[in-house]
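As structure tokens, the structure follows; a few thoughts come after it.
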Amino acid sequence: MTAKVWDVVIIGGGPAGLAAAVYSARGGLSTLIVERGLFGGQIFNTAHVENYPGFPGGLSGPEISQRLEEQAREFGAETLLAEVLEVELKGDPKVITTSEGEIRGHTIIVASGAGARKLGVDGEDRLIGAGVSYCATCDGAFYRGKKVAVVGGGDSAVEEALFLTRFAEEVHLIHRRASLRAAKILQDRAFSNPKIKFHWNSVVTEIIGETKVERLRLQDTDGRTSELPVDGIFIYVGQTPYTHFLRGQLPVNQRGYLVADETTETPVPGVFAAGDVREKVLRQVVTAVADGAVAAVMAEKYLAHIAG
């Protein structure tokens with residue numbers, strides 16, 4: 001990997017990174033995608049996507065992931081499974097240090113995405129994998145006939161609560177406000193599902209259990225506390241962007257997201273930010289793939305400019 005200088009190196013193999021690879025490889029640019037885990041990013045863990053344009057009836061997250069990866073490879077994009085450890089973005093070529101060695105590229109598209117934000121309460125870290133989960137699609141089947149809780153009020157929380165009703169006897173949706181933030185169609189489905197019980201104006205203050213989750217301590221807005229017996233808890237309270245490997249080389253906002261406008265250009269020439277890692281008003285598959293396409297086109301323009 002050290003000898004070659006790639007036209008485009010894409011950090012992250014989610015929808016944004018894979019879409020960028022489709023556009024850059026199809027445009028004849030040598031393209032490498034560096035992914036640390038599963039291609040598809042967060043969408044891989046989504047049971048059903050019904051709002052991606054052009055696919056009435058919807059598709060599963062893994063199916064979308066597989067199709068995007070196959071399409072990128074079809075146009076000649078190459079992949080590397082590795083963890084990005086650090087980057088040096090100044091100058092040309094730019095250098096990416098990974099767990100599999102050093103990579104060099106004339107342009108970099110940062111599409112590293114975001115991961116689940118933790119509650120930060122007692123018992124959470126200790127019981128991860130023993131009843132604490134951030135992925136209903138991954139772990140829902142373990143709770144057949146049991147009682148679970150979902151924390152959050154946005155689209156992800158409600159979608160996963162509905163998914164969990166396929167397995168669980170009861171799904172307790174805990175939200176810190178008096179109303180949900182999810183799309184109305186999801187709210188209507190949740191309110192009409194007899195398995196979902198709502199706990200309004202409440203937060204989880206502790207996850208209790210010796211070797212596995214046994215119950216949750218809740219507190220409402222009036223300060224009253226109660227305990228809720230459950231076998232598992234699924235947490236959907238926002239995301240934290242994966243930018244740790246940048247070590248301050250690109251500006252971020254107060255929530256840690258990369259600062260880049262609709263052109264996806266960052267303040268560092270030849271470096272672009274696409275998908276959930278970028279500050280934006282909507283984080284969906286459709287906006288991620290749009291970002292990826294824009295980033296690839298902007299990278300191509302940048303390469304043409306430096307080539308003279």
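Labels used: A, B, ... for chains in the order of the structure tokens, numbers from 1 for residues in each chain, and numbers from 1 for ligands as shown.
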Problem set entry | For His48 (chain A): contacts at 9 Å, only C-alpha atoms, fewer than 5 positions along chain excluded, given as JSON, numbers by chain | {"A": [58, 59, 60, 61]}
Distance table requested - region 109-151 of chain A against region 265-289 of chain A, cut-off 9 Å, only C-alpha atoms: one row per qualifying residue with the closest atom pair and its distance in Å to one decimal, ordered by chain and rising residue number, as CSV.
```
residue,atom,partner,partner_atom,distance
A:Ile109,CA,A:Phe272,CA,4.7
A:Val110,CA,A:Ala273,CA,4.8
A:Ala111,CA,A:Ala274,CA,5.0
A:Ser112,CA,A:Val277,CA,6.2
A:Gly113,CA,A:Val277,CA,4.5
A:Ala114,CA,A:Val277,CA,5.8
```
Export, as a JSON list (two decimals), in the first residue's frame, the selected residues with all heavy atoms.
```json
[["chain", "number", "residue", "atom", "x", "y", "z"],
["A", 109, "ILE", "N", -11.64, 11.72, 1.30],
["A", 109, "ILE", "CA", -13.05, 11.93, 1.64],
["A", 109, "ILE", "C", -13.28, 11.27, 3.00],
["A", 109, "ILE", "O", -13.18, 10.05, 3.14],
["A", 109, "ILE", "CB", -14.00, 11.34, 0.59],
["A", 109, "ILE", "CG1", -13.81, 12.06, -0.75],
["A", 109, "ILE", "CG2", -15.46, 11.46, 1.04],
["A", 109, "ILE", "CD1", -14.61, 11.47, -1.90],
["A", 110, "VAL", "N", -13.57, 12.09, 4.01],
["A", 110, "VAL", "CA", -13.84, 11.57, 5.35],
["A", 110, "VAL", "C", -15.33, 11.26, 5.43],
["A", 110, "VAL", "O", -16.18, 12.15, 5.43],
["A", 110, "VAL", "CB", -13.45, 12.59, 6.44],
["A", 110, "VAL", "CG1", -13.73, 12.00, 7.83],
["A", 110, "VAL", "CG2", -11.98, 12.97, 6.32],
["A", 111, "ALA", "N", -15.64, 9.97, 5.47],
["A", 111, "ALA", "CA", -17.02, 9.50, 5.55],
["A", 111, "ALA", "C", -17.12, 8.47, 6.68],
["A", 111, "ALA", "O", -17.71, 7.41, 6.52],
["A", 111, "ALA", "CB", -17.46, 8.90, 4.22],
["A", 112, "SER", "N", -16.51, 8.80, 7.80],
["A", 112, "SER", "CA", -16.34, 7.85, 8.90],
["A", 112, "SER", "C", -17.59, 7.66, 9.75],
["A", 112, "SER", "O", -17.63, 6.78, 10.62],
["A", 112, "SER", "CB", -15.17, 8.29, 9.79],
["A", 112, "SER", "OG", -15.25, 9.66, 10.10],
["A", 113, "GLY", "N", -18.62, 8.48, 9.51],
["A", 113, "GLY", "CA", -19.90, 8.25, 10.16],
["A", 113, "GLY", "C", -19.95, 8.62, 11.63],
["A", 113, "GLY", "O", -19.13, 9.39, 12.14],
["A", 114, "ALA", "N", -20.93, 8.05, 12.30],
["A", 114, "ALA", "CA", -21.15, 8.33, 13.71],
["A", 114, "ALA", "C", -21.66, 7.06, 14.38],
["A", 114, "ALA", "O", -22.16, 6.14, 13.73],
["A", 114, "ALA", "CB", -22.17, 9.46, 13.89]]
```
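Listed by chain and then by rising number, the residues of region 81-111 of chain A that DSSP assigns to strand (DSSP E) from the backbone are Leu81, Val84, Leu85, Glu86, Val87, Glu88, Lys94, Val95, Ile96, Thr97, Thr98, Gly101, Glu102, Ile103, Arg104, Gly105, His106, Thr107, Ile108, Ile109 and Val110 of chain A.
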Can you tell me, as an mmCIF file with all heavy atoms, in the first residue's frame, what residues are no more than 12 Å from Leu173 (chain A) when counting only C-alpha atoms, ignoring any on the same chain fewer than 5 positions away?
```cif
data_model
loop_
_atom_site.group_PDB
_atom_site.id
_atom_site.type_symbol
_atom_site.label_atom_id
_atom_site.label_comp_id
_atom_site.auth_asym_id
_atom_site.auth_seq_id
_atom_site.Cartn_x
_atom_site.Cartn_y
_atom_site.Cartn_z
ATOM 1 N N LYS A 147 -39.251 -8.750 28.463
ATOM 2 C CA LYS A 147 -39.594 -7.333 28.563
ATOM 3 C C LYS A 147 -38.342 -6.498 28.330
ATOM 4 O O LYS A 147 -37.300 -6.758 28.935
ATOM 5 C CB LYS A 147 -40.176 -7.021 29.941
ATOM 6 C CG LYS A 147 -41.474 -7.763 30.239
ATOM 7 C CD LYS A 147 -41.994 -7.436 31.627
ATOM 8 C CE LYS A 147 -43.280 -8.213 31.917
ATOM 9 N NZ LYS A 147 -43.815 -7.896 33.265
ATOM 10 N N VAL A 148 -38.455 -5.503 27.447
ATOM 11 C CA VAL A 148 -37.315 -4.648 27.131
ATOM 12 C C VAL A 148 -37.729 -3.188 27.194
ATOM 13 O O VAL A 148 -38.917 -2.855 27.149
ATOM 14 C CB VAL A 148 -36.728 -4.966 25.737
ATOM 15 C CG1 VAL A 148 -36.247 -6.413 25.663
ATOM 16 C CG2 VAL A 148 -37.748 -4.683 24.642
ATOM 17 N N ALA A 149 -36.723 -2.335 27.272
ATOM 18 C CA ALA A 149 -36.947 -0.895 27.244
ATOM 19 C C ALA A 149 -36.188 -0.294 26.075
ATOM 20 O O ALA A 149 -35.111 -0.777 25.700
ATOM 21 C CB ALA A 149 -36.480 -0.248 28.548
ATOM 22 N N VAL A 150 -36.752 0.746 25.497
ATOM 23 C CA VAL A 150 -36.091 1.544 24.470
ATOM 24 C C VAL A 150 -36.056 2.975 24.980
ATOM 25 O O VAL A 150 -37.084 3.512 25.409
ATOM 26 C CB VAL A 150 -36.839 1.472 23.124
ATOM 27 C CG1 VAL A 150 -36.219 2.429 22.113
ATOM 28 C CG2 VAL A 150 -36.825 0.048 22.580
ATOM 29 N N VAL A 151 -34.882 3.594 24.928
ATOM 30 C CA VAL A 151 -34.737 4.967 25.409
ATOM 31 C C VAL A 151 -34.551 5.884 24.209
ATOM 32 O O VAL A 151 -33.646 5.683 23.392
ATOM 33 C CB VAL A 151 -33.538 5.106 26.358
ATOM 34 C CG1 VAL A 151 -33.456 6.530 26.906
ATOM 35 C CG2 VAL A 151 -33.647 4.109 27.507
ATOM 36 N N GLY A 152 -35.410 6.909 24.108
ATOM 37 C CA GLY A 152 -35.320 7.862 23.004
ATOM 38 C C GLY A 152 -36.687 8.181 22.446
ATOM 39 O O GLY A 152 -37.664 7.480 22.737
ATOM 40 N N GLY A 153 -36.749 9.216 21.610
ATOM 41 C CA GLY A 153 -38.041 9.608 21.048
ATOM 42 C C GLY A 153 -37.998 9.968 19.583
ATOM 43 O O GLY A 153 -38.990 10.424 19.025
ATOM 44 N N GLY A 154 -36.839 9.731 18.941
ATOM 45 C CA GLY A 154 -36.704 10.051 17.524
ATOM 46 C C GLY A 154 -37.063 8.872 16.642
ATOM 47 O O GLY A 154 -37.555 7.837 17.102
ATOM 48 N N SER A 156 -35.190 6.673 15.062
ATOM 49 C CA SER A 156 -34.490 5.421 15.342
ATOM 50 C C SER A 156 -35.102 4.694 16.533
ATOM 51 O O SER A 156 -35.315 3.474 16.491
ATOM 52 C CB SER A 156 -33.005 5.686 15.598
ATOM 53 O OG SER A 156 -32.373 6.165 14.436
ATOM 54 N N ALA A 157 -35.385 5.430 17.600
ATOM 55 C CA ALA A 157 -35.946 4.806 18.796
ATOM 56 C C ALA A 157 -37.291 4.158 18.504
ATOM 57 O O ALA A 157 -37.552 3.015 18.910
ATOM 58 C CB ALA A 157 -36.086 5.850 19.907
ATOM 59 N N VAL A 158 -38.147 4.866 17.793
ATOM 60 C CA VAL A 158 -39.486 4.338 17.528
ATOM 61 C C VAL A 158 -39.430 3.186 16.524
ATOM 62 O O VAL A 158 -40.122 2.175 16.685
ATOM 63 C CB VAL A 158 -40.418 5.465 17.040
ATOM 64 C CG1 VAL A 158 -41.796 4.911 16.708
ATOM 65 C CG2 VAL A 158 -40.534 6.546 18.107
ATOM 66 N N GLU A 159 -38.597 3.320 15.500
ATOM 67 C CA GLU A 159 -38.440 2.226 14.536
ATOM 68 C C GLU A 159 -37.973 0.949 15.233
ATOM 69 O O GLU A 159 -38.487 -0.149 14.970
ATOM 70 C CB GLU A 159 -37.429 2.613 13.456
ATOM 71 C CG GLU A 159 -37.974 3.577 12.415
ATOM 72 C CD GLU A 159 -36.899 4.034 11.441
ATOM 73 O OE1 GLU A 159 -35.696 3.839 11.744
ATOM 74 O OE2 GLU A 159 -37.248 4.579 10.387
ATOM 75 N N GLU A 160 -36.992 1.082 16.127
ATOM 76 C CA GLU A 160 -36.453 -0.096 16.790
ATOM 77 C C GLU A 160 -37.418 -0.644 17.834
ATOM 78 O O GLU A 160 -37.467 -1.852 18.062
ATOM 79 C CB GLU A 160 -35.098 0.219 17.418
ATOM 80 C CG GLU A 160 -34.040 0.684 16.417
ATOM 81 C CD GLU A 160 -33.923 -0.229 15.207
ATOM 82 O OE1 GLU A 160 -33.712 -1.435 15.377
ATOM 83 O OE2 GLU A 160 -34.058 0.268 14.079
ATOM 84 N N ALA A 161 -38.194 0.230 18.455
ATOM 85 C CA ALA A 161 -39.229 -0.252 19.376
ATOM 86 C C ALA A 161 -40.251 -1.100 18.627
ATOM 87 O O ALA A 161 -40.659 -2.177 19.102
ATOM 88 C CB ALA A 161 -39.916 0.928 20.061
ATOM 89 N N LEU A 162 -40.660 -0.641 17.460
ATOM 90 C CA LEU A 162 -41.597 -1.413 16.640
ATOM 91 C C LEU A 162 -40.976 -2.739 16.218
ATOM 92 O O LEU A 162 -41.644 -3.784 16.239
ATOM 93 C CB LEU A 162 -42.000 -0.593 15.407
ATOM 94 C CG LEU A 162 -42.931 0.583 15.688
ATOM 95 C CD1 LEU A 162 -42.954 1.547 14.507
ATOM 96 C CD2 LEU A 162 -44.347 0.076 15.979
ATOM 97 N N LEU A 164 -38.735 -4.447 17.819
ATOM 98 C CA LEU A 164 -38.619 -5.324 18.985
ATOM 99 C C LEU A 164 -39.943 -5.989 19.351
ATOM 100 O O LEU A 164 -39.947 -7.044 20.008
ATOM 101 C CB LEU A 164 -38.087 -4.532 20.177
ATOM 102 C CG LEU A 164 -36.589 -4.205 20.110
ATOM 103 C CD1 LEU A 164 -36.230 -3.120 21.110
ATOM 104 C CD2 LEU A 164 -35.745 -5.460 20.360
ATOM 105 N N THR A 165 -41.069 -5.411 18.934
ATOM 106 C CA THR A 165 -42.360 -6.047 19.238
ATOM 107 C C THR A 165 -42.518 -7.382 18.518
ATOM 108 O O THR A 165 -43.393 -8.173 18.864
ATOM 109 C CB THR A 165 -43.542 -5.130 18.857
ATOM 110 O OG1 THR A 165 -43.519 -4.858 17.450
ATOM 111 C CG2 THR A 165 -43.494 -3.831 19.646
ATOM 112 N N ALA A 178 -42.630 15.038 26.673
ATOM 113 C CA ALA A 178 -44.031 14.623 26.727
ATOM 114 C C ALA A 178 -44.565 14.208 25.364
ATOM 115 O O ALA A 178 -45.731 13.816 25.244
ATOM 116 C CB ALA A 178 -44.884 15.758 27.290
ATOM 117 N N SER A 179 -43.739 14.297 24.343
ATOM 118 C CA SER A 179 -44.160 13.885 22.997
ATOM 119 C C SER A 179 -42.948 13.384 22.235
ATOM 120 O O SER A 179 -41.804 13.752 22.545
ATOM 121 C CB SER A 179 -44.818 15.052 22.247
ATOM 122 O OG SER A 179 -43.901 16.131 22.113
ATOM 123 N N LEU A 180 -43.206 12.549 21.242
ATOM 124 C CA LEU A 180 -42.130 11.977 20.430
ATOM 125 C C LEU A 180 -41.671 12.960 19.365
ATOM 126 O O LEU A 180 -42.423 13.844 18.937
ATOM 127 C CB LEU A 180 -42.614 10.684 19.765
ATOM 128 C CG LEU A 180 -43.055 9.559 20.695
ATOM 129 C CD1 LEU A 180 -43.671 8.426 19.892
ATOM 130 C CD2 LEU A 180 -41.881 9.053 21.519
ATOM 131 N N GLN A 187 -44.988 7.354 14.686
ATOM 132 C CA GLN A 187 -45.734 7.554 15.927
ATOM 133 C C GLN A 187 -47.069 6.831 15.888
ATOM 134 O O GLN A 187 -47.456 6.163 16.859
ATOM 135 C CB GLN A 187 -45.968 9.049 16.165
ATOM 136 C CG GLN A 187 -44.703 9.844 16.448
ATOM 137 C CD GLN A 187 -45.014 11.239 16.958
ATOM 138 O OE1 GLN A 187 -45.912 11.428 17.767
ATOM 139 N NE2 GLN A 187 -44.259 12.218 16.485
ATOM 140 N N ALA A 190 -46.615 3.206 16.453
ATOM 141 C CA ALA A 190 -46.252 2.902 17.842
ATOM 142 C C ALA A 190 -47.464 3.011 18.769
ATOM 143 O O ALA A 190 -47.685 2.142 19.613
ATOM 144 C CB ALA A 190 -45.139 3.828 18.306
ATOM 145 N N PHE A 191 -48.228 4.082 18.595
ATOM 146 C CA PHE A 191 -49.383 4.281 19.481
ATOM 147 C C PHE A 191 -50.443 3.193 19.282
ATOM 148 O O PHE A 191 -51.204 2.885 20.206
ATOM 149 C CB PHE A 191 -50.002 5.656 19.244
ATOM 150 C CG PHE A 191 -49.133 6.803 19.682
ATOM 151 C CD1 PHE A 191 -49.062 7.963 18.924
ATOM 152 C CD2 PHE A 191 -48.390 6.730 20.848
ATOM 153 C CE1 PHE A 191 -48.258 9.014 19.320
ATOM 154 C CE2 PHE A 191 -47.583 7.785 21.251
ATOM 155 C CZ PHE A 191 -47.522 8.932 20.482
ATOM 156 N N ASN A 193 -49.765 0.057 18.595
ATOM 157 C CA ASN A 193 -49.211 -1.264 18.916
ATOM 158 C C ASN A 193 -49.406 -1.540 20.405
ATOM 159 O O ASN A 193 -48.834 -0.864 21.253
ATOM 160 C CB ASN A 193 -47.723 -1.323 18.566
ATOM 161 C CG ASN A 193 -47.175 -2.739 18.586
ATOM 162 O OD1 ASN A 193 -47.391 -3.479 19.533
ATOM 163 N ND2 ASN A 193 -46.457 -3.111 17.534
ATOM 164 N N LYS A 195 -48.238 -3.689 22.334
ATOM 165 C CA LYS A 195 -47.061 -4.153 23.074
ATOM 166 C C LYS A 195 -46.195 -3.006 23.587
ATOM 167 O O LYS A 195 -45.342 -3.214 24.456
ATOM 168 C CB LYS A 195 -46.209 -5.061 22.190
ATOM 169 C CG LYS A 195 -46.758 -6.456 21.985
ATOM 170 C CD LYS A 195 -45.724 -7.332 21.292
ATOM 171 C CE LYS A 195 -46.150 -8.773 21.231
ATOM 172 N NZ LYS A 195 -45.095 -9.633 20.636
ATOM 173 N N ILE A 196 -46.378 -1.807 23.051
ATOM 174 C CA ILE A 196 -45.522 -0.680 23.421
ATOM 175 C C ILE A 196 -46.177 0.137 24.532
ATOM 176 O O ILE A 196 -47.304 0.611 24.395
ATOM 177 C CB ILE A 196 -45.217 0.209 22.199
ATOM 178 C CG1 ILE A 196 -44.486 -0.602 21.125
ATOM 179 C CG2 ILE A 196 -44.380 1.415 22.614
ATOM 180 C CD1 ILE A 196 -44.147 0.188 19.868
ATOM 181 N N LYS A 197 -45.457 0.289 25.624
ATOM 182 C CA LYS A 197 -45.903 1.091 26.762
ATOM 183 C C LYS A 197 -45.025 2.345 26.838
ATOM 184 O O LYS A 197 -43.802 2.264 26.699
ATOM 185 C CB LYS A 197 -45.772 0.306 28.075
ATOM 186 C CG LYS A 197 -46.191 -1.162 27.996
ATOM 187 C CD LYS A 197 -47.657 -1.333 27.691
ATOM 188 C CE LYS A 197 -48.028 -2.816 27.646
ATOM 189 N NZ LYS A 197 -49.448 -3.024 27.244
ATOM 190 N N PHE A 198 -45.635 3.494 27.091
ATOM 191 C CA PHE A 198 -44.908 4.762 27.054
ATOM 192 C C PHE A 198 -44.662 5.300 28.461
ATOM 193 O O PHE A 198 -45.548 5.267 29.322
ATOM 194 C CB PHE A 198 -45.685 5.797 26.235
ATOM 195 C CG PHE A 198 -45.810 5.424 24.782
ATOM 196 C CD1 PHE A 198 -46.884 4.662 24.341
ATOM 197 C CD2 PHE A 198 -44.845 5.804 23.863
ATOM 198 C CE1 PHE A 198 -46.997 4.297 23.006
ATOM 199 C CE2 PHE A 198 -44.945 5.450 22.531
ATOM 200 C CZ PHE A 198 -46.023 4.687 22.102
ATOM 201 N N HIS A 199 -43.439 5.801 28.648
ATOM 202 C CA HIS A 199 -43.049 6.442 29.913
ATOM 203 C C HIS A 199 -42.597 7.859 29.559
ATOM 204 O O HIS A 199 -41.467 8.070 29.109
ATOM 205 C CB HIS A 199 -41.925 5.667 30.589
ATOM 206 C CG HIS A 199 -42.281 4.256 30.918
ATOM 207 N ND1 HIS A 199 -42.622 3.848 32.190
ATOM 208 C CD2 HIS A 199 -42.357 3.145 30.128
ATOM 209 C CE1 HIS A 199 -42.886 2.545 32.179
ATOM 210 N NE2 HIS A 199 -42.731 2.101 30.934
ATOM 211 N N TRP A 200 -43.483 8.821 29.740
ATOM 212 C CA TRP A 200 -43.208 10.197 29.326
ATOM 213 C C TRP A 200 -42.453 10.966 30.410
ATOM 214 O O TRP A 200 -42.546 10.653 31.590
ATOM 215 C CB TRP A 200 -44.512 10.925 29.008
ATOM 216 C CG TRP A 200 -45.358 10.257 27.974
ATOM 217 C CD1 TRP A 200 -46.555 9.623 28.163
ATOM 218 C CD2 TRP A 200 -45.077 10.158 26.574
ATOM 219 N NE1 TRP A 200 -47.032 9.144 26.985
ATOM 220 C CE2 TRP A 200 -46.152 9.450 25.989
ATOM 221 C CE3 TRP A 200 -44.022 10.586 25.766
ATOM 222 C CZ2 TRP A 200 -46.208 9.172 24.626
ATOM 223 C CZ3 TRP A 200 -44.074 10.311 24.407
ATOM 224 C CH2 TRP A 200 -45.153 9.621 23.845
ATOM 225 N N ASN A 201 -41.753 12.011 29.968
ATOM 226 C CA ASN A 201 -41.056 12.925 30.897
ATOM 227 C C ASN A 201 -40.191 12.163 31.895
ATOM 228 O O ASN A 201 -40.123 12.503 33.081
ATOM 229 C CB ASN A 201 -42.077 13.787 31.663
ATOM 230 C CG ASN A 201 -42.886 14.668 30.721
ATOM 231 O OD1 ASN A 201 -42.330 15.352 29.866
ATOM 232 N ND2 ASN A 201 -44.198 14.627 30.863
ATOM 233 N N SER A 202 -39.500 11.146 31.387
ATOM 234 C CA SER A 202 -38.705 10.292 32.272
ATOM 235 C C SER A 202 -37.331 10.032 31.679
ATOM 236 O O SER A 202 -37.167 9.972 30.457
ATOM 237 C CB SER A 202 -39.419 8.957 32.503
ATOM 238 O OG SER A 202 -40.665 9.149 33.143
ATOM 239 N N VAL A 203 -36.351 9.853 32.569
ATOM 240 C CA VAL A 203 -34.999 9.502 32.140
ATOM 241 C C VAL A 203 -34.530 8.307 32.951
ATOM 242 O O VAL A 203 -35.002 8.061 34.067
ATOM 243 C CB VAL A 203 -34.007 10.672 32.329
ATOM 244 C CG1 VAL A 203 -34.373 11.837 31.440
ATOM 245 C CG2 VAL A 203 -33.935 11.098 33.792
ATOM 246 N N VAL A 204 -33.607 7.548 32.373
ATOM 247 C CA VAL A 204 -32.974 6.436 33.081
ATOM 248 C C VAL A 204 -31.789 6.987 33.853
ATOM 249 O O VAL A 204 -30.908 7.632 33.288
ATOM 250 C CB VAL A 204 -32.506 5.347 32.098
ATOM 251 C CG1 VAL A 204 -31.757 4.240 32.834
ATOM 252 C CG2 VAL A 204 -33.691 4.776 31.334
ATOM 253 N N LEU A 228 -38.171 -0.079 37.021
ATOM 254 C CA LEU A 228 -38.867 -0.796 35.963
ATOM 255 C C LEU A 228 -38.145 -2.103 35.685
ATOM 256 O O LEU A 228 -37.013 -2.098 35.187
ATOM 257 C CB LEU A 228 -38.914 0.066 34.691
ATOM 258 C CG LEU A 228 -39.538 -0.571 33.455
ATOM 259 C CD1 LEU A 228 -41.028 -0.810 33.671
ATOM 260 C CD2 LEU A 228 -39.309 0.326 32.229
ATOM 261 N N VAL A 230 -36.918 -5.022 33.638
ATOM 262 C CA VAL A 230 -36.770 -5.363 32.224
ATOM 263 C C VAL A 230 -35.600 -6.333 32.073
ATOM 264 O O VAL A 230 -34.745 -6.437 32.952
ATOM 265 C CB VAL A 230 -36.516 -4.119 31.329
ATOM 266 C CG1 VAL A 230 -37.721 -3.203 31.297
ATOM 267 C CG2 VAL A 230 -35.270 -3.371 31.784
ATOM 268 N N ILE A 233 -32.170 -3.292 27.634
ATOM 269 C CA ILE A 233 -32.397 -1.885 27.333
ATOM 270 C C ILE A 233 -31.669 -1.534 26.044
ATOM 271 O O ILE A 233 -30.493 -1.872 25.863
ATOM 272 C CB ILE A 233 -31.943 -0.969 28.502
ATOM 273 C CG1 ILE A 233 -32.087 0.512 28.115
ATOM 274 C CG2 ILE A 233 -30.525 -1.288 28.953
ATOM 275 C CD1 ILE A 233 -31.817 1.465 29.269
ATOM 276 N N PHE A 234 -32.383 -0.869 25.143
ATOM 277 C CA PHE A 234 -31.849 -0.446 23.851
ATOM 278 C C PHE A 234 -31.831 1.081 23.823
ATOM 279 O O PHE A 234 -32.866 1.719 24.041
ATOM 280 C CB PHE A 234 -32.703 -1.004 22.712
ATOM 281 C CG PHE A 234 -32.644 -2.504 22.609
ATOM 282 C CD1 PHE A 234 -33.430 -3.299 23.430
ATOM 283 C CD2 PHE A 234 -31.789 -3.113 21.706
ATOM 284 C CE1 PHE A 234 -33.367 -4.690 23.353
ATOM 285 C CE2 PHE A 234 -31.716 -4.495 21.615
ATOM 286 C CZ PHE A 234 -32.504 -5.285 22.437
ATOM 287 N N ILE A 235 -30.654 1.645 23.564
ATOM 288 C CA ILE A 235 -30.438 3.086 23.766
ATOM 289 C C ILE A 235 -30.293 3.803 22.431
ATOM 290 O O ILE A 235 -29.432 3.457 21.616
ATOM 291 C CB ILE A 235 -29.194 3.299 24.652
ATOM 292 C CG1 ILE A 235 -29.416 2.640 26.027
ATOM 293 C CG2 ILE A 235 -28.884 4.783 24.810
ATOM 294 C CD1 ILE A 235 -28.155 2.511 26.854
ATOM 295 N N TYR A 236 -31.168 4.822 22.226
ATOM 296 C CA TYR A 236 -31.148 5.624 20.995
ATOM 297 C C TYR A 236 -31.312 7.100 21.368
ATOM 298 O O TYR A 236 -32.391 7.674 21.240
ATOM 299 C CB TYR A 236 -32.264 5.188 20.045
ATOM 300 C CG TYR A 236 -32.101 3.772 19.568
ATOM 301 C CD1 TYR A 236 -32.711 2.723 20.238
ATOM 302 C CD2 TYR A 236 -31.306 3.476 18.475
ATOM 303 C CE1 TYR A 236 -32.539 1.411 19.827
ATOM 304 C CE2 TYR A 236 -31.120 2.171 18.045
ATOM 305 C CZ TYR A 236 -31.741 1.145 18.732
ATOM 306 O OH TYR A 236 -31.559 -0.152 18.319
#
```
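Counting only C-alpha atoms, the residue from A:Val34, A:Met298, A:Ile185, A:Val22 that sits nearest to Val9 (chain A) is A:Val34.
Going from CA of Gly41 (chain A) over to CA of Arg181 (chain A), you cover 23.5 Å.
When CA of Thr243 (chain A) is paired with CA of Val259 (chain A), their separation reads 11.5 Å.
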